[in-house]
$ cat upload15.pdb   # PDB, C-alpha atoms and all ligand atoms
ATOM      1  CA  MET S   1     -19.641  -4.141 -15.071
ATOM      2  CA  THR S   2     -20.401  -0.543 -14.095
ATOM      3  CA  ASP S   3     -18.798   1.608 -11.446
ATOM      4  CA  GLN S   4     -21.894   1.123  -9.316
ATOM      5  CA  ASP S   5     -21.584  -2.686  -9.388
ATOM      6  CA  ASN S   6     -20.591  -3.675  -5.871
ATOM      7  CA  THR S   7     -20.475  -7.426  -6.435
ATOM      8  CA  GLY S   8     -17.414  -7.528  -8.668
ATOM      9  CA  PRO S   9     -14.038  -9.134  -8.023
ATOM     10  CA  ILE S  10     -11.892  -7.870  -5.160
ATOM     11  CA  ALA S  11      -8.352  -6.558  -5.490
ATOM     12  CA  VAL S  12      -6.373  -6.632  -2.250
ATOM     13  CA  VAL S  13      -3.653  -3.995  -2.032
ATOM     14  CA  THR S  14      -1.296  -4.350   0.927
ATOM     15  CA  GLY S  15       0.438  -1.188   2.053
ATOM     16  CA  GLY S  16      -2.652   0.347   0.464
ATOM     17  CA  ALA S  17      -2.384   3.526   2.540
ATOM     18  CA  GLY S  18       1.134   4.255   1.283
ATOM     19  CA  ASP S  19       2.054   6.331  -1.756
ATOM     20  CA  ILE S  20       2.492   3.546  -4.328
ATOM     21  CA  GLY S  21      -0.323   1.490  -2.745
ATOM     22  CA  ARG S  22      -2.830   4.353  -3.091
ATOM     23  CA  ALA S  23      -1.885   4.851  -6.742
ATOM     24  CA  ILE S  24      -2.363   1.118  -7.399
ATOM     25  CA  ALA S  25      -5.734   1.108  -5.616
ATOM     26  CA  ARG S  26      -6.883   4.195  -7.569
ATOM     27  CA  ALA S  27      -5.951   2.512 -10.849
ATOM     28  CA  LEU S  28      -7.551  -0.865 -10.032
ATOM     29  CA  ARG S  29     -10.830   0.562  -8.737
ATOM     30  CA  ALA S  30     -12.158   0.946 -12.299
ATOM     31  CA  THR S  31     -12.413  -2.834 -12.540
ATOM     32  CA  HIS S  32     -12.350  -4.142  -8.969
ATOM     33  CA  ARG S  33     -13.701  -3.630  -5.502
ATOM     34  CA  ILE S  34     -10.761  -2.567  -3.402
ATOM     35  CA  ALA S  35      -9.502  -3.955  -0.098
ATOM     36  CA  LEU S  36      -6.940  -1.563   1.359
ATOM     37  CA  VAL S  37      -4.715  -3.369   3.843
ATOM     38  CA  ASP S  38      -2.328  -1.407   6.044
ATOM     39  CA  ILE S  39      -1.047  -1.085   9.593
ATOM     40  CA  ASN S  40      -1.426   2.714   9.673
ATOM     41  CA  GLU S  41      -4.998   3.484  10.737
ATOM     42  CA  PRO S  42      -5.092   7.286  10.146
ATOM     43  CA  ALA S  43      -3.464   6.863   6.714
ATOM     44  CA  LEU S  44      -5.974   4.095   5.887
ATOM     45  CA  CYS S  45      -8.954   6.351   6.730
ATOM     46  CA  LYS S  46      -7.525   9.076   4.494
ATOM     47  CA  ALA S  47      -6.882   6.642   1.638
ATOM     48  CA  GLN S  48     -10.372   5.153   1.887
ATOM     49  CA  ALA S  49     -12.014   8.597   1.818
ATOM     50  CA  GLU S  50      -9.937   9.493  -1.251
ATOM     51  CA  LEU S  51     -11.063   6.337  -3.114
ATOM     52  CA  GLU S  52     -14.712   6.125  -2.084
ATOM     53  CA  ASP S  53     -15.890   8.934  -4.322
ATOM     54  CA  ALA S  54     -15.550   6.602  -7.334
ATOM     55  CA  GLY S  55     -18.745   4.745  -6.382
ATOM     56  CA  ARG S  56     -17.108   1.344  -6.239
ATOM     57  CA  ASP S  57     -16.912  -0.411  -2.894
ATOM     58  CA  VAL S  58     -13.704   0.233  -0.953
ATOM     59  CA  ARG S  59     -12.951  -1.319   2.414
ATOM     60  CA  SER S  60     -10.066  -0.849   4.809
ATOM     61  CA  PHE S  61      -8.452  -3.556   6.891
ATOM     62  CA  ARG S  62      -6.110  -2.348   9.629
ATOM     63  CA  ILE S  63      -3.774  -5.272  10.153
ATOM     64  CA  ASP S  64      -0.131  -6.037  10.778
ATOM     65  CA  LEU S  65       0.889  -8.255   7.843
ATOM     66  CA  THR S  66       3.649  -9.841   9.939
ATOM     67  CA  ASN S  67       1.087 -11.152  12.440
ATOM     68  CA  PRO S  68      -0.407 -14.562  11.449
ATOM     69  CA  ALA S  69      -3.564 -13.959  13.523
ATOM     70  CA  ASP S  70      -4.206 -10.692  11.676
ATOM     71  CA  LEU S  71      -3.786 -12.477   8.335
ATOM     72  CA  ALA S  72      -6.272 -15.182   9.330
ATOM     73  CA  GLN S  73      -8.777 -12.487  10.287
ATOM     74  CA  LEU S  74      -8.207 -10.678   6.988
ATOM     75  CA  ALA S  75      -8.837 -13.900   5.051
ATOM     76  CA  SER S  76     -12.093 -14.584   6.855
ATOM     77  CA  GLU S  77     -13.402 -11.007   6.485
ATOM     78  CA  LEU S  78     -12.513 -10.995   2.785
ATOM     79  CA  ALA S  79     -14.200 -14.372   2.226
ATOM     80  CA  ALA S  80     -17.399 -12.947   3.731
ATOM     81  CA  TRP S  81     -17.184  -9.920   1.420
ATOM     82  CA  GLY S  82     -16.688 -11.738  -1.902
ATOM     83  CA  LYS S  83     -14.151 -13.252  -4.241
ATOM     84  CA  THR S  84     -10.536 -12.084  -4.208
ATOM     85  CA  ARG S  85      -9.182 -12.037  -7.753
ATOM     86  CA  VAL S  86      -6.068  -9.902  -7.348
ATOM     87  CA  LEU S  87      -3.478  -9.714  -4.581
ATOM     88  CA  VAL S  88      -0.926  -6.919  -4.793
ATOM     89  CA  ASN S  89       1.782  -7.547  -2.207
ATOM     90  CA  ASN S  90       2.939  -3.943  -1.969
ATOM     91  CA  ALA S  91       3.681  -3.326   1.722
ATOM     92  CA  GLY S  92       7.393  -2.930   2.263
ATOM     93  CA  ARG S  93      10.059  -0.888   3.965
ATOM     94  CA  ALA S  94      13.866  -0.825   4.090
ATOM     95  CA  MET S  95      15.507  -0.494   7.460
ATOM     96  CA  VAL S  96      19.051  -1.947   7.548
ATOM     97  CA  THR S  97      21.370   0.350   5.554
ATOM     98  CA  SER S  98      24.542  -1.778   5.501
ATOM     99  CA  LEU S  99      25.819  -5.201   6.529
ATOM    100  CA  GLN S 100      28.249  -3.607   8.977
ATOM    101  CA  SER S 101      25.457  -1.845  10.862
ATOM    102  CA  MET S 102      23.029  -4.789  10.680
ATOM    103  CA  THR S 103      21.847  -6.530  13.868
ATOM    104  CA  ASN S 104      20.040  -9.873  13.900
ATOM    105  CA  ASP S 105      16.835  -8.200  15.131
ATOM    106  CA  ASP S 106      16.871  -5.646  12.309
ATOM    107  CA  LEU S 107      17.592  -8.396   9.753
ATOM    108  CA  GLN S 108      14.520 -10.264  11.001
ATOM    109  CA  ILE S 109      12.310  -7.164  10.735
ATOM    110  CA  ASP S 110      13.314  -6.528   7.103
ATOM    111  CA  LEU S 111      12.869 -10.192   6.115
ATOM    112  CA  ASP S 112       9.540 -10.516   7.951
ATOM    113  CA  LEU S 113       7.839  -7.625   6.194
ATOM    114  CA  ASN S 114       9.420  -7.701   2.741
ATOM    115  CA  LEU S 115       9.437 -11.461   2.136
ATOM    116  CA  LYS S 116       7.608 -13.512   4.746
ATOM    117  CA  ALA S 117       4.522 -11.265   4.981
ATOM    118  CA  ALA S 118       4.039 -11.365   1.196
ATOM    119  CA  LEU S 119       4.225 -15.169   1.099
ATOM    120  CA  SER S 120       2.010 -15.514   4.186
ATOM    121  CA  CYS S 121      -0.580 -13.135   2.757
ATOM    122  CA  PHE S 122      -0.588 -15.170  -0.462
ATOM    123  CA  LYS S 123      -1.094 -18.370   1.544
ATOM    124  CA  ALA S 124      -3.929 -16.771   3.525
ATOM    125  CA  LEU S 125      -5.770 -15.846   0.303
ATOM    126  CA  GLU S 126      -4.739 -18.743  -1.952
ATOM    127  CA  HIS S 127      -8.163 -20.386  -1.923
ATOM    128  CA  ASP S 128      -9.672 -17.668  -4.120
ATOM    129  CA  LEU S 129      -6.481 -16.906  -6.052
ATOM    130  CA  LYS S 130      -6.261 -20.524  -7.180
ATOM    131  CA  ASP S 131      -9.364 -19.855  -9.273
ATOM    132  CA  ASN S 132      -7.750 -17.881 -12.135
ATOM    133  CA  GLY S 133      -6.439 -15.223  -9.776
ATOM    134  CA  CYS S 134      -3.538 -12.862 -10.189
ATOM    135  CA  VAL S 135      -0.677 -11.989  -7.847
ATOM    136  CA  ILE S 136       1.568  -8.973  -8.235
ATOM    137  CA  ASN S 137       4.571  -8.787  -5.949
ATOM    138  CA  ILE S 138       6.075  -5.330  -5.667
ATOM    139  CA  ALA S 139       9.779  -6.145  -5.505
ATOM    140  CA  SER S 140      12.516  -3.592  -6.216
ATOM    141  CA  VAL S 141      15.605  -3.054  -8.332
ATOM    142  CA  ASN S 142      17.303  -3.766  -4.989
ATOM    143  CA  GLY S 143      16.419  -7.412  -5.560
ATOM    144  CA  MET S 144      18.401  -7.361  -8.824
ATOM    145  CA  GLY S 145      21.668  -5.652  -7.886
ATOM    146  CA  ALA S 146      23.716  -3.955  -5.165
ATOM    147  CA  PHE S 147      21.990  -0.696  -4.233
ATOM    148  CA  GLY S 148      22.388  -0.804  -0.425
ATOM    149  CA  HIS S 149      19.829  -1.888   2.246
ATOM    150  CA  PRO S 150      21.138  -5.496   2.210
ATOM    151  CA  ALA S 151      18.436  -7.223   4.275
ATOM    152  CA  TYR S 152      15.616  -5.535   2.334
ATOM    153  CA  SER S 153      17.400  -6.359  -0.937
ATOM    154  CA  ALA S 154      17.833 -10.024  -0.005
ATOM    155  CA  ALA S 155      14.128 -10.140   0.853
ATOM    156  CA  LYS S 156      13.175  -8.544  -2.477
ATOM    157  CA  ALA S 157      15.432 -11.003  -4.361
ATOM    158  CA  GLY S 158      13.619 -13.760  -2.477
ATOM    159  CA  LEU S 159      10.289 -12.242  -3.461
ATOM    160  CA  ILE S 160      11.284 -12.353  -7.145
ATOM    161  CA  HIS S 161      12.120 -16.032  -6.743
ATOM    162  CA  ALA S 162       8.861 -16.656  -4.855
ATOM    163  CA  THR S 163       7.024 -15.049  -7.797
ATOM    164  CA  GLN S 164       8.549 -17.593 -10.160
ATOM    165  CA  MET S 165       7.578 -20.459  -7.857
ATOM    166  CA  MET S 166       4.001 -19.151  -7.569
ATOM    167  CA  ALA S 167       3.796 -18.971 -11.367
ATOM    168  CA  VAL S 168       5.185 -22.474 -11.845
ATOM    169  CA  GLU S 169       3.199 -24.227  -9.105
ATOM    170  CA  TYR S 170      -0.143 -22.425  -9.522
ATOM    171  CA  GLY S 171      -0.208 -22.062 -13.311
ATOM    172  CA  LYS S 172      -2.362 -25.191 -13.522
ATOM    173  CA  PHE S 173      -5.049 -23.304 -11.594
ATOM    174  CA  GLY S 174      -5.022 -20.478 -14.132
ATOM    175  CA  MET S 175      -3.322 -18.225 -11.597
ATOM    176  CA  ARG S 176      -0.676 -15.806 -12.826
ATOM    177  CA  ALA S 177       2.051 -14.290 -10.654
ATOM    178  CA  ASN S 178       4.384 -11.483 -11.672
ATOM    179  CA  ALA S 179       6.735  -9.093  -9.924
ATOM    180  CA  ILE S 180       7.388  -5.433 -10.532
ATOM    181  CA  ALA S 181      10.745  -3.911  -9.656
ATOM    182  CA  PRO S 182      10.474  -0.146  -9.208
ATOM    183  CA  GLY S 183      13.515   2.096  -9.301
ATOM    184  CA  THR S 184      13.634   5.217  -7.127
ATOM    185  CA  VAL S 185      10.063   6.439  -6.595
ATOM    186  CA  ARG S 186       9.635   9.694  -4.685
ATOM    187  CA  THR S 187       7.442   8.601  -1.755
ATOM    188  CA  GLN S 188       7.226   9.104   2.002
ATOM    189  CA  ALA S 189       9.587   6.114   2.323
ATOM    190  CA  TRP S 190      12.357   8.518   1.284
ATOM    191  CA  GLU S 191      11.596  11.206   3.894
ATOM    192  CA  ASP S 192      14.505  10.354   6.228
ATOM    193  CA  ARG S 193      17.017  10.172   3.392
ATOM    194  CA  ALA S 194      15.714  13.415   1.835
ATOM    195  CA  ALA S 195      16.062  15.084   5.257
ATOM    196  CA  LYS S 196      19.719  13.991   5.393
ATOM    197  CA  ASN S 197      20.381  15.031   1.796
ATOM    198  CA  PRO S 198      17.820  17.366   0.134
ATOM    199  CA  ASN S 199      19.503  16.606  -3.229
ATOM    200  CA  VAL S 200      19.081  12.836  -2.941
ATOM    201  CA  PHE S 201      16.724  12.609  -5.955
ATOM    202  CA  ASP S 202      18.929  14.815  -8.158
ATOM    203  CA  ASP S 203      21.927  12.717  -7.119
ATOM    204  CA  ALA S 204      20.011   9.537  -8.000
ATOM    205  CA  LEU S 205      19.155  10.883 -11.462
ATOM    206  CA  ALA S 206      22.815  10.727 -12.445
ATOM    207  CA  TRP S 207      22.497   6.923 -12.563
ATOM    208  CA  TYR S 208      19.282   6.787 -14.621
ATOM    209  CA  PRO S 209      19.530   6.468 -18.422
ATOM    210  CA  LEU S 210      16.144   8.180 -18.947
ATOM    211  CA  LYS S 211      17.042  11.083 -16.624
ATOM    212  CA  HIS S 212      13.725  10.964 -14.864
ATOM    213  CA  LEU S 213      12.387   8.840 -12.017
ATOM    214  CA  PRO S 214       9.352   6.524 -12.087
ATOM    215  CA  THR S 215       6.210   7.807 -10.333
ATOM    216  CA  PRO S 216       3.636   5.886  -8.256
ATOM    217  CA  ASP S 217       1.276   6.102 -11.255
ATOM    218  CA  ASP S 218       3.890   4.450 -13.498
ATOM    219  CA  ILE S 219       3.949   1.492 -11.089
ATOM    220  CA  ALA S 220       0.149   1.448 -10.921
ATOM    221  CA  GLN S 221      -0.252   1.327 -14.718
ATOM    222  CA  ALA S 222       2.075  -1.676 -14.862
ATOM    223  CA  VAL S 223      -0.116  -3.387 -12.255
ATOM    224  CA  VAL S 224      -3.225  -2.618 -14.312
ATOM    225  CA  PHE S 225      -1.626  -4.144 -17.404
ATOM    226  CA  LEU S 226      -0.285  -7.250 -15.658
ATOM    227  CA  THR S 227      -3.658  -7.956 -14.005
ATOM    228  CA  SER S 228      -5.616  -7.386 -17.235
ATOM    229  CA  PRO S 229      -6.547  -9.956 -19.890
ATOM    230  CA  HIS S 230      -3.933  -8.304 -22.166
ATOM    231  CA  ALA S 231      -1.307 -10.018 -19.994
ATOM    232  CA  ARG S 232      -3.009 -13.424 -20.066
ATOM    233  CA  SER S 233       0.168 -15.117 -21.337
ATOM    234  CA  ILE S 234       2.579 -13.377 -18.960
ATOM    235  CA  THR S 235       3.515 -15.104 -15.726
ATOM    236  CA  GLY S 236       6.641 -15.552 -13.645
ATOM    237  CA  VAL S 237       8.377 -12.401 -14.867
ATOM    238  CA  CYS S 238       9.866  -9.472 -13.004
ATOM    239  CA  LEU S 239       9.183  -6.205 -14.824
ATOM    240  CA  PRO S 240      11.537  -3.357 -13.904
ATOM    241  CA  ILE S 241       9.825   0.044 -13.905
ATOM    242  CA  ASP S 242      13.079   1.846 -13.399
ATOM    243  CA  CYS S 243      13.801   4.268 -16.262
ATOM    244  CA  GLY S 244      16.625   1.974 -17.397
ATOM    245  CA  LEU S 245      18.549   1.694 -14.104
ATOM    246  CA  SER S 246      18.732  -2.105 -14.128
ATOM    247  CA  ALA S 247      20.006  -2.025 -17.742
ATOM    248  CA  GLY S 248      23.010   0.012 -16.643
ATOM    249  CA  SER S 249      24.281   3.507 -16.054
ATOM    250  CA  PRO S 250      25.880   5.645 -18.776
ATOM    251  CA  SER S 251      28.846   6.649 -16.596
ATOM    252  CA  LEU S 252      30.298   3.122 -16.674
ATOM    253  CA  PRO S 253      30.571   2.703 -20.486
ATOM    254  CA  ARG S 254      31.726   6.339 -20.637
ATOM    255  CA  THR S 255      34.659   5.418 -18.388
ATOM    256  CA  PHE S 256      35.410   2.123 -20.130
ATOM    257  CA  THR S 257      35.265   3.489 -23.693
ATOM    258  CA  GLN S 258      36.293   7.101 -23.052
ATOM    259  CA  SER S 259      33.613   7.985 -25.599
ATOM    260  CA  ALA S 260      31.515  11.110 -25.126
ATOM    261  CA  ASP S 261      28.602   9.275 -26.804
ATOM    262  CA  TYR S 262      27.539   8.030 -23.398
TER     263      TYR S 262
HETATM  264  N1  LIG S 301       9.637   4.280  -3.110
HETATM  265  C1  LIG S 301      10.606   3.620  -3.744
HETATM  266  O1  LIG S 301      11.609   4.213  -4.184
HETATM  267  C2  LIG S 301      10.489   2.136  -3.979
HETATM  268  C3  LIG S 301      11.432   1.525  -4.846
HETATM  269  C4  LIG S 301      11.356   0.158  -5.055
HETATM  270  C5  LIG S 301      10.369  -0.590  -4.440
HETATM  271  N2  LIG S 301       9.475   0.026  -3.610
HETATM  272  C6  LIG S 301       8.482  -0.820  -2.966
HETATM  273  O2  LIG S 301       7.190  -0.306  -3.197
HETATM  274  C7  LIG S 301       6.332  -0.655  -2.103
HETATM  275  C8  LIG S 301       5.596   0.573  -1.603
HETATM  276  O3  LIG S 301       6.546   1.524  -1.150
HETATM  277  P1  LIG S 301       6.226   3.086  -0.940
HETATM  278  O4  LIG S 301       7.408   3.827  -1.409
HETATM  279  O5  LIG S 301       4.874   3.440  -1.471
HETATM  280  O6  LIG S 301       6.254   3.160   0.667
HETATM  281  P2  LIG S 301       5.194   3.763   1.701
HETATM  282  O7  LIG S 301       5.946   3.883   2.982
HETATM  283  O8  LIG S 301       4.537   4.987   1.145
HETATM  284  O9  LIG S 301       4.099   2.602   1.815
HETATM  285  C9  LIG S 301       4.317   1.409   2.495
HETATM  286  C10 LIG S 301       3.054   1.084   3.280
HETATM  287  O10 LIG S 301       3.218  -0.209   3.906
HETATM  288  C11 LIG S 301       2.593  -0.129   5.187
HETATM  289  N3  LIG S 301       3.128  -1.158   6.096
HETATM  290  C12 LIG S 301       4.376  -1.198   6.611
HETATM  291  N4  LIG S 301       4.490  -2.242   7.460
HETATM  292  C13 LIG S 301       3.292  -2.875   7.469
HETATM  293  C14 LIG S 301       2.776  -4.019   8.156
HETATM  294  N5  LIG S 301       3.543  -4.721   9.016
HETATM  295  N6  LIG S 301       1.500  -4.381   7.939
HETATM  296  C15 LIG S 301       0.712  -3.675   7.091
HETATM  297  N7  LIG S 301       1.141  -2.581   6.411
HETATM  298  C16 LIG S 301       2.419  -2.187   6.599
HETATM  299  C17 LIG S 301       2.924   1.280   5.680
HETATM  300  O11 LIG S 301       2.051   1.697   6.735
HETATM  301  C18 LIG S 301       2.769   2.095   4.406
HETATM  302  O12 LIG S 301       1.469   2.644   4.276
HETATM  303  C19 LIG S 301       7.246  -1.300  -1.058
HETATM  304  O13 LIG S 301       7.180  -2.709  -1.149
HETATM  305  C20 LIG S 301       8.627  -0.832  -1.450
HETATM  306  O14 LIG S 301       9.646  -1.720  -1.038
HETATM  307  C21 LIG S 301       9.509   1.370  -3.368
END
$ encode --input "upload15.pdb" --output "structure tokens" --more "lines below"
Ligand SMILES: NC(=O)c1ccc[n+]([C@@H]2O[C@H](COP(=O)([O-])OP(=O)(O)OC[C@H]3O[C@@H](n4cnc5c(N)ncnc54)[C@H](O)[C@@H]3O)[C@@H](O)[C@H]2O)c1
Amino acid sequence: MTDQDNTGPIAVVTGGAGDIGRAIARALRATHRIALVDINEPALCKAQAELEDAGRDVRSFRIDLTNPADLAQLASELAAWGKTRVLVNNAGRAMVTSLQSMTNDDLQIDLDLNLKAALSCFKALEHDLKDNGCVINIASVNGMGAFGHPAYSAAKAGLIHATQMMAVEYGKFGMRANAIAPGTVRTQAWEDRAAKNPNVFDDALAWYPLKHLPTPDDIAQAVVFLTSPHARSITGVCLPIDCGLSAGSPSLPRTFTQSADY
């Protein structure tokens, strides 16, 4: 397949106008036609213009992933365009910061986008994905431990479980499903927190064994690998791309052992 081939398989990237979504779309466009799905119209136009120069077909779909009617429309427009081989459930956002401040409405908003929308989008596109397709769910280290944002974290933990169920139930169709759990990635999602504390990323580094933070391109390269034939035997896993954060933080063994080796 060449870059000019506009009949190839489609990769759907939700949240495709965001920082990690654009990096994923850029990386997948070498092998797929790209469907950018996002609620933010101006950001979508910018992302599409950025990607189009590669020669491969890129289309934008302005939809609200939490709206079932929008998802049905997306499925029908994609079916008319071609065969969806890859779904990257990447749209996500953390709103509730603590259980004490959480309201029922805010809980619903975090669960709807970070868990329900991903499962609903999968259901909307399952017809094509059942034919040897590939699903990547962008979860978070928040789904694996206590890092704050409780409603978002519960949703991401649910998404990791949903990934396992997709792998188990749809394996017989040749479909693979895997999750990726990024650590702190410097994106626009951090703007409010960086405005409150300009040192937030330096402060975060203290917890990271590798002493650097993952980038959007690091996440994108993991998506490329997991959707490639090199990962043909990998399904149902959650791959942390987190510079060691989920393995632990050096300060804890330093305290427990009183050894300077940490
Ligand atoms: N940045 C991080 O530190 C980090 C860490 C772990 C996991 N993640 C996950 O990575 C993914 C991408 O995050 P990002 O940092 O690139 O954020 P981002 O804000 O840059 O991108 C998110 C995109 O999702 C879109 N979106 C939000 N609600 C939508 C809806 N209802 N319908 C359609 N689109 C919608 C937004 O418009 C935005 O373009 C998210 O799932 C996030 O939870 C990010």
$ residues_near_ligand --input "upload15.pdb" --ligand "ligand LIG 301 (chain S)" --cutoff "6 Å" --atoms "all atoms listed in the file" --output "list in words"
Gly15, Ala17, Gly18, Asp19, Ile20, Gly21, Asp38, Ile39, Asn40, Ile63, Asp64, Leu65, Thr66, Asn90, Ala91, Gly92, Arg93, Leu113, Ile138, Ala139, Ser140, Pro182, Gly183, Thr184, Val185, Arg186, Thr187, Gln188 and Ala189 of chain S
$ write_last_selection --input "upload15.pdb" --atoms "C-alpha atoms" --output "CSV table (one decimal), in the coordinates of the input"
chain,number,residue,atom,x,y,z
S,15,GLY,CA,0.4,-1.2,2.1
S,17,ALA,CA,-2.4,3.5,2.5
S,18,GLY,CA,1.1,4.3,1.3
S,19,ASP,CA,2.1,6.3,-1.8
S,20,ILE,CA,2.5,3.5,-4.3
S,21,GLY,CA,-0.3,1.5,-2.7
S,38,ASP,CA,-2.3,-1.4,6.0
S,39,ILE,CA,-1.0,-1.1,9.6
S,40,ASN,CA,-1.4,2.7,9.7
S,63,ILE,CA,-3.8,-5.3,10.2
S,64,ASP,CA,-0.1,-6.0,10.8
S,65,LEU,CA,0.9,-8.3,7.8
S,66,THR,CA,3.6,-9.8,9.9
S,90,ASN,CA,2.9,-3.9,-2.0
S,91,ALA,CA,3.7,-3.3,1.7
S,92,GLY,CA,7.4,-2.9,2.3
S,93,ARG,CA,10.1,-0.9,4.0
S,113,LEU,CA,7.8,-7.6,6.2
S,138,ILE,CA,6.1,-5.3,-5.7
S,139,ALA,CA,9.8,-6.1,-5.5
S,140,SER,CA,12.5,-3.6,-6.2
S,182,PRO,CA,10.5,-0.1,-9.2
S,183,GLY,CA,13.5,2.1,-9.3
S,184,THR,CA,13.6,5.2,-7.1
S,185,VAL,CA,10.1,6.4,-6.6
S,186,ARG,CA,9.6,9.7,-4.7
S,187,THR,CA,7.4,8.6,-1.8
S,188,GLN,CA,7.2,9.1,2.0
S,189,ALA,CA,9.6,6.1,2.3
$ closest_atom_pairs --input "upload15.pdb" --of "region 34-149 of chain S" --to "region 231-250 of chain S" --cutoff "8 Å" --atoms "all atoms listed in the file" --output "JSON lines"
{"residue": "S:Ser140", "atom": "CA", "partner": "S:Pro240", "partner_atom": "CA", "distance": 7.8}
{"residue": "S:Val141", "atom": "CA", "partner": "S:Ser246", "partner_atom": "CA", "distance": 6.7}
{"residue": "S:Met144", "atom": "CA", "partner": "S:Ser246", "partner_atom": "CA", "distance": 7.5}
{"residue": "S:Gly145", "atom": "CA", "partner": "S:Ser246", "partner_atom": "CA", "distance": 7.8}
$ closest_atom_pairs --input "upload15.pdb" --of "region 75-124 of chain S" --to "region 53-62 of chain S" --cutoff "10 Å" --atoms "all atoms listed in the file" --output "tab-separated table"
residue	atom	partner	partner_atom	distance
S:Glu77	CA	S:Phe61	CA	9.0
S:Leu78	CA	S:Phe61	CA	9.4
S:Trp81	CA	S:Arg59	CA	9.6
$ residues_around --input "upload15.pdb" --residues "Thr97 (chain S)" --least-positions-apart "5" --cutoff "9 Å" --atoms "only C-alpha atoms" --output "PyMOL selection string"
chain S and resi 102+148-152
$ residues_near_point --input "upload15.pdb" --point "(7.5, -12.8, 1.5)" --cutoff "9 Å" --atoms "only C-alpha atoms" --output "ChimeraX atom specification"
/S:89,111-122,137,155-156,158-159,162
$ resolve_selection --input "upload15.pdb" --expression "the PyMOL selection byres (((chain S and resi 171) around 12) and not hetatm)" --output "PyMOL selection string"
chain S and resi 129-135+163-170+172-178+232-236
$ atom_distance --input "upload15.pdb" --atom1 "CA of Ala11 (chain S)" --atom2 "CA of Ala30 (chain S)"
10.8 Å
$ closest_residue --input "upload15.pdb" --among "S:Arg29, S:His230, S:Lys196, S:His212" --to "Glu52 (chain S)" --atoms "all atoms listed in the file"
S:Arg29
$ resolve_selection --input "upload15.pdb" --expression "the PyMOL selection byres (((chain S and resi 219) around 9) and not hetatm)" --output "short mmCIF file (atom, residue, chain, number, x, y, z; two decimals) with C-alpha atoms, keeping the file's coordinate frame"
data_model
loop_
_atom_site.label_atom_id
_atom_site.label_comp_id
_atom_site.auth_asym_id
_atom_site.auth_seq_id
_atom_site.Cartn_x
_atom_site.Cartn_y
_atom_site.Cartn_z
CA ILE S 20 2.49 3.55 -4.33
CA ALA S 23 -1.88 4.85 -6.74
CA ILE S 24 -2.36 1.12 -7.40
CA ILE S 138 6.08 -5.33 -5.67
CA ILE S 180 7.39 -5.43 -10.53
CA ALA S 181 10.74 -3.91 -9.66
CA PRO S 182 10.47 -0.15 -9.21
CA PRO S 214 9.35 6.52 -12.09
CA THR S 215 6.21 7.81 -10.33
CA PRO S 216 3.64 5.89 -8.26
CA ASP S 217 1.28 6.10 -11.26
CA ASP S 218 3.89 4.45 -13.50
CA ALA S 220 0.15 1.45 -10.92
CA GLN S 221 -0.25 1.33 -14.72
CA ALA S 222 2.08 -1.68 -14.86
CA VAL S 223 -0.12 -3.39 -12.26
CA VAL S 224 -3.22 -2.62 -14.31
CA ILE S 241 9.82 0.04 -13.90
#
$ residues_around --input "upload15.pdb" --residues "Val12 (chain S)" --least-positions-apart "5" --cutoff "9 Å" --atoms "all atoms listed in the file" --output "ChimeraX atom specification"
/S:25,33-37,84-89
$ closest_residue --input "upload15.pdb" --among "S:Ala194, S:Ala179, S:Trp207, S:Ala72" --to "Ile136 (chain S)" --atoms "all atoms listed in the file"
S:Ala179
$ closest_residue --input "upload15.pdb" --among "S:Leu74, S:Leu125, S:Ala260, S:Ala146" --to "Ser98 (chain S)" --atoms "all atoms listed in the file"
S:Ala146
